[in-house]
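A.B. asks: The structure file start.tsv (TSV, C-alpha atoms) is provided below.
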chain	number	residue	atom	x	y	z
A	60	MET	CA	-28.53	38.81	13.90
A	61	ARG	CA	-30.74	37.14	11.39
A	62	GLY	CA	-30.91	33.39	11.21
A	63	ASN	CA	-30.33	31.21	8.19
A	64	LEU	CA	-32.71	28.56	6.86
A	65	TYR	CA	-32.02	26.32	9.82
A	66	GLY	CA	-32.66	28.96	12.42
A	67	SER	CA	-29.10	29.38	13.65
A	68	PRO	CA	-27.67	32.86	13.77
A	69	ARG	CA	-25.21	34.06	11.16
A	70	VAL	CA	-21.75	34.78	12.43
A	71	TYR	CA	-20.02	37.74	10.91
A	72	ALA	CA	-16.28	38.39	11.17
A	73	ARG	CA	-15.66	41.53	13.12
A	74	ASP	CA	-12.83	44.00	13.04
A	75	ASP	CA	-10.53	44.24	16.06
A	76	VAL	CA	-8.32	47.20	16.71
A	77	ILE	CA	-5.01	46.13	18.19
A	78	GLY	CA	-2.33	48.67	18.85
A	79	GLY	CA	-3.89	51.10	16.40
A	80	PHE	CA	-4.02	48.52	13.55
A	81	THR	CA	-7.20	47.02	12.25
A	82	ARG	CA	-7.16	43.28	12.08
A	83	ARG	CA	-9.82	41.13	10.53
A	84	ALA	CA	-10.63	38.18	12.77
A	85	GLY	CA	-10.26	34.71	11.26
A	86	GLY	CA	-7.26	35.38	8.96
A	87	PHE	CA	-3.48	35.40	9.15
A	88	THR	CA	-1.31	38.43	8.72
A	89	LEU	CA	1.55	38.60	6.29
A	90	VAL	CA	4.03	38.58	9.18
A	91	GLU	CA	2.52	35.39	10.62
A	92	LEU	CA	2.59	33.66	7.25
A	93	THR	CA	6.20	34.78	6.67
A	94	ILE	CA	7.26	33.35	10.05
A	95	VAL	CA	5.55	30.03	9.34
A	96	VAL	CA	7.16	29.79	5.88
A	97	ALA	CA	10.59	30.66	7.35
A	98	ILE	CA	10.23	27.93	10.00
A	99	MET	CA	9.20	25.42	7.32
A	100	LEU	CA	12.21	26.36	5.17
A	101	ILE	CA	14.58	25.94	8.12
A	102	LEU	CA	13.14	22.52	8.92
A	103	ALA	CA	13.29	21.49	5.26
A	104	SER	CA	16.93	22.54	4.92
A	105	VAL	CA	17.88	20.60	8.07
A	106	GLY	CA	15.98	17.58	6.78
A	107	LEU	CA	17.57	17.82	3.34
A	108	SER	CA	21.09	18.07	4.73
A	109	ASN	CA	20.45	15.03	6.97
A	110	TYR	CA	19.05	13.15	3.98
A	111	LEU	CA	22.09	13.97	1.82
A	112	PHE	CA	24.49	12.93	4.59
A	113	SER	CA	22.57	9.65	5.02
A	114	LEU	CA	22.74	9.09	1.28
A	115	LYS	CA	26.54	9.51	1.32
A	116	LYS	CA	26.83	7.08	4.22
A	117	SER	CA	24.63	4.52	2.46
A	118	HIS	CA	26.71	4.80	-0.74
A	119	ASP	CA	29.85	4.27	1.34
A	120	ALA	CA	28.31	1.22	3.05
A	121	VAL	CA	27.59	-0.23	-0.40
A	122	ARG	CA	31.20	0.47	-1.48
A	123	LYS	CA	32.64	-1.25	1.59
A	124	SER	CA	30.34	-4.24	1.12
A	125	ASP	CA	31.19	-4.43	-2.61
A	126	LEU	CA	34.94	-4.49	-1.93
A	127	ALA	CA	34.45	-7.19	0.73
A	128	THR	CA	32.45	-9.24	-1.79
A	129	ILE	CA	35.10	-8.80	-4.49
A	130	SER	CA	37.79	-9.75	-1.98
A	131	LYS	CA	36.00	-13.03	-1.18
A	132	ALA	CA	35.62	-13.78	-4.89
A	133	LEU	CA	39.35	-13.12	-5.36
A	134	GLN	CA	40.11	-15.58	-2.55
A	135	ALA	CA	38.04	-18.23	-4.36
A	136	PHE	CA	39.81	-17.42	-7.64
A	137	ALA	CA	43.21	-17.74	-5.89
A	138	ASN	CA	42.19	-21.13	-4.51
A	139	ASP	CA	41.35	-22.37	-8.03
A	140	PHE	CA	44.23	-20.75	-9.93
A	141	GLY	CA	46.97	-20.72	-7.31
A	142	GLY	CA	47.20	-16.93	-7.03
A	143	TYR	CA	45.42	-13.65	-7.41
A	144	PRO	CA	44.67	-12.38	-10.92
A	145	ASP	CA	46.74	-9.70	-12.59
A	146	SER	CA	45.42	-6.16	-13.03
A	147	ASP	CA	45.37	-3.86	-16.01
A	148	LEU	CA	46.32	-0.17	-16.06
A	149	SER	CA	42.71	0.96	-15.59
A	150	GLY	CA	42.31	-1.00	-12.36
A	151	ARG	CA	40.37	-3.98	-13.63
A	152	LEU	CA	40.96	-7.64	-12.78
A	153	VAL	CA	42.46	-9.70	-15.60
A	154	ALA	CA	40.48	-12.72	-14.51
A	155	CYS	CA	37.51	-13.20	-16.82
A	156	ASP	CA	37.24	-15.89	-19.47
A	157	TYR	CA	33.77	-16.10	-20.95
A	158	ASN	CA	34.43	-18.61	-23.75
A	159	ASN	CA	37.53	-20.61	-22.73
A	160	THR	CA	39.95	-18.47	-24.78
A	161	GLY	CA	42.07	-17.00	-21.97
A	162	LEU	CA	41.82	-14.45	-19.23
A	163	VAL	CA	40.83	-10.89	-20.10
A	164	ALA	CA	40.02	-7.81	-18.02
A	165	CYS	CA	36.67	-7.97	-16.22
A	166	SER	CA	34.50	-4.90	-16.48
A	167	TRP	CA	32.82	-3.56	-13.36
A	168	GLY	CA	29.16	-4.53	-13.52
A	169	GLN	CA	29.83	-7.65	-15.66
A	170	PRO	CA	30.11	-11.31	-14.56
A	171	PHE	CA	33.36	-12.53	-12.97
A	172	SER	CA	33.85	-16.02	-14.34
A	173	ALA	CA	36.69	-18.04	-15.78
A	174	TYR	CA	37.39	-21.51	-17.12
A	175	LYS	CA	39.38	-23.89	-14.98
A	176	GLY	CA	40.10	-27.32	-16.40
A	177	GLY	CA	37.60	-26.79	-19.22
A	178	LYS	CA	34.80	-26.02	-16.79
A	179	ALA	CA	33.35	-22.53	-16.29
A	180	GLN	CA	33.62	-21.19	-12.74
A	181	THR	CA	31.53	-18.17	-11.76
A	182	TYR	CA	32.98	-16.19	-8.88
A	183	LEU	CA	30.48	-13.33	-9.05
A	184	GLY	CA	27.34	-13.22	-11.15
A	185	LYS	CA	28.00	-9.51	-11.55
A	186	MET	CA	31.10	-7.58	-10.55
A	187	PRO	CA	29.87	-4.77	-8.30
A	188	ALA	CA	30.17	-1.28	-9.73
A	189	ASP	CA	30.39	1.95	-7.73
A	190	PRO	CA	26.91	3.35	-6.93
A	191	ASP	CA	28.03	6.70	-8.40
A	192	SER	CA	28.66	6.27	-12.13
A	193	SER	CA	31.36	8.97	-12.09
A	194	ARG	CA	33.43	6.89	-9.64
A	195	SER	CA	34.91	3.44	-10.06
A	196	TYR	CA	36.64	0.77	-8.04
A	197	PHE	CA	40.31	0.09	-8.66
A	198	TYR	CA	42.11	-3.27	-8.37
A	199	GLU	CA	45.87	-3.59	-8.15
A	200	ALA	CA	47.78	-6.86	-7.92
A	201	ASP	CA	51.35	-7.51	-6.87
A	202	LEU	CA	51.97	-10.93	-8.35
A	203	THR	CA	55.52	-11.20	-6.99
A	204	GLU	CA	54.28	-10.64	-3.44
A	205	GLY	CA	51.03	-12.52	-4.01
A	206	THR	CA	48.90	-9.64	-2.73
A	207	PHE	CA	46.19	-7.33	-3.99
A	208	ASN	CA	44.64	-4.00	-3.12
A	209	LEU	CA	41.10	-2.85	-3.85
A	210	TYR	CA	40.31	0.85	-3.74
A	211	ALA	CA	37.21	3.04	-3.60
A	212	ALA	CA	36.51	6.75	-3.15
A	213	LEU	CA	34.25	7.24	-0.13
A	214	GLU	CA	31.99	10.29	-0.09
A	215	ASN	CA	31.94	10.74	3.69
A	216	THR	CA	35.39	12.17	4.29
A	217	SER	CA	34.97	11.85	8.07
A	218	ASP	CA	34.59	8.05	7.86
A	219	GLN	CA	36.83	6.30	10.38
A	220	TYR	CA	38.30	4.02	7.69
A	221	ILE	CA	39.52	6.78	5.34
A	222	THR	CA	43.09	6.11	4.21
A	223	SER	CA	45.03	9.29	3.65
A	224	GLY	CA	47.92	9.63	1.24
A	225	LEU	CA	46.60	7.37	-1.51
A	226	THR	CA	47.31	8.50	-5.07
A	227	THR	CA	45.23	5.92	-6.94
A	228	VAL	CA	42.42	7.43	-9.02
A	229	CYS	CA	38.90	6.05	-8.59
A	230	GLY	CA	37.04	7.70	-11.44
A	231	THR	CA	37.20	11.06	-13.11
A	232	GLY	CA	38.44	13.59	-10.57
A	233	TYR	CA	38.24	11.28	-7.54
A	234	THR	CA	41.25	10.08	-5.58
A	235	CYS	CA	40.71	6.79	-3.77
A	236	ASN	CA	40.57	7.10	0.00
A	237	TYR	CA	39.51	3.59	1.08
A	238	GLN	CA	41.64	0.48	0.67
A	239	VAL	CA	41.06	-3.23	1.19
A	240	THR	CA	43.99	-5.63	1.02
A	241	GLU	CA	44.07	-9.41	0.81
A	242	SER	CA	44.20	-9.41	4.60
A	243	GLY	CA	41.32	-6.96	5.16
A	244	VAL	CA	40.83	-3.22	5.55
A	245	LYS	CA	44.13	-1.37	5.73
Could you render the structure as structure tokens?
C.D. replies:
Amino acid sequence: MRGNLYGSPRVYARDDVIGGFTRRAGGFTLVELTIVVAIMLILASVGLSNYLFSLKKSHDAVRKSDLATISKALQAFANDFGGYPDSDLSGRLVACDYNNTGLVACSWGQPFSAYKGGKAQTYLGKMPADPDSSRSYFYEADLTEGTFNLYAALENTSDQYITSGLTTVCGTGYTCNYQVTESGVK
């Protein structure tokens, strides 16, 4: 072997014959690369499915927390007004009064405030809205019984708090499957 400028010998790749096939030392075969890519794809698909499942669970945790927050605000409203607010046909609370002209339906994502005795009371700075814009929360009041129900459509259908048999609609194409009552999760 001849040396380079620094006096060290040059190293040349050599050909090896393995099982009748010629293989160039220092490189990867197509089979080896295919196996590595296949393993990477399997790991990526497992990781992606775990990520998507975690995302569903986190959305559901937000939904449960939102309904608990709304429930507490409704309790405060009931303390001030002597009862829970009415609901409209689209599942909104008829409890907002932004300029002392009377109660109107609150929109999800807007403030929940009303006037009591000429003074504005804010129960929530912003009514929580479902993390998925195609879904919505649903509020239903029974003023004769003095009760309310809040509904959401959970994404994780194996959640332990899923309520089966509900017919309330929580957004376009979603049937509610989680319910909170004035006394807690039902």
A.B. asks: Can you tell me, as an MDAnalysis selection string, which residues sit within 12 Å of (31.9, 6.9, -9.4) in the file's frame, using only C-alpha atoms?
C.D. replies: chainID A and resid 118:119 122 167 187:197 210:214 228:235
A.B. asks: If we count only C-alpha atoms, what is near Asn215 of chain A at a cut-off of 10 Å, once residues fewer than 6 positions away on the same chain are taken out, given as a list in words?
C.D. replies: Phe112, Ser113, Leu114, Lys115, Lys116, Ser117, His118, Asp119 and Ile221 of chain A
A.B. asks: Extract, using only C-alpha atoms, all DNA, RNA and protein residues at most 10 Å from Phe207 of chain A, discarding same-chain residues fewer than 5 positions from it, and format them as a PyMOL selection string.
C.D. replies: chain A and resi 130+133+143-146+198-202+239-242
A.B. asks: Could you please give me, as a list in words, the residues of protein, DNA or RNA lying at most 6 Å from (33.9, -13.9, -19.0) in the coordinate frame of the file, considering all atoms listed in the file?
C.D. replies: Cys155, Asp156, Tyr157, Ser172 and Ala173 of chain A
A.B. asks: Please compute the atom CA of Thr160 of chain A-atom CA of Gly177 of chain A distance, one decimal, in Å.
C.D. replies: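 Computing the Euclidean distance for atom CA of Thr160 of chain A and atom CA of Gly177 of chain A yields 10.3 Å.
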A.B. asks: Rank nothing, just name the residue among A:Leu209, A:Thr227, A:Ser108, A:Phe140 nearest to Ser124 of chain A, using all atoms listed in the file.
C.D. replies: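 Closest to Ser124 of chain A, using all atoms listed in the file: A:Leu209.
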A.B. asks: Hey, can you check how far atom CA of Gly168 of chain A sits from atom CA of Met186 of chain A?
C.D. replies: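 Spanning atom CA of Gly168 of chain A to atom CA of Met186 of chain A is a straight-line distance of 4.7 Å.
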A.B. asks: Which residue out of A:Gly150, A:Gly85, A:Gly176, A:Gly224 has the minimum interatomic distance to Ala164 of chain A when only C-alpha atoms are used?
C.D. replies: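 Between A:Gly150, A:Gly85, A:Gly176, A:Gly224, the residue approaching Ala164 of chain A most closely is A:Gly150.
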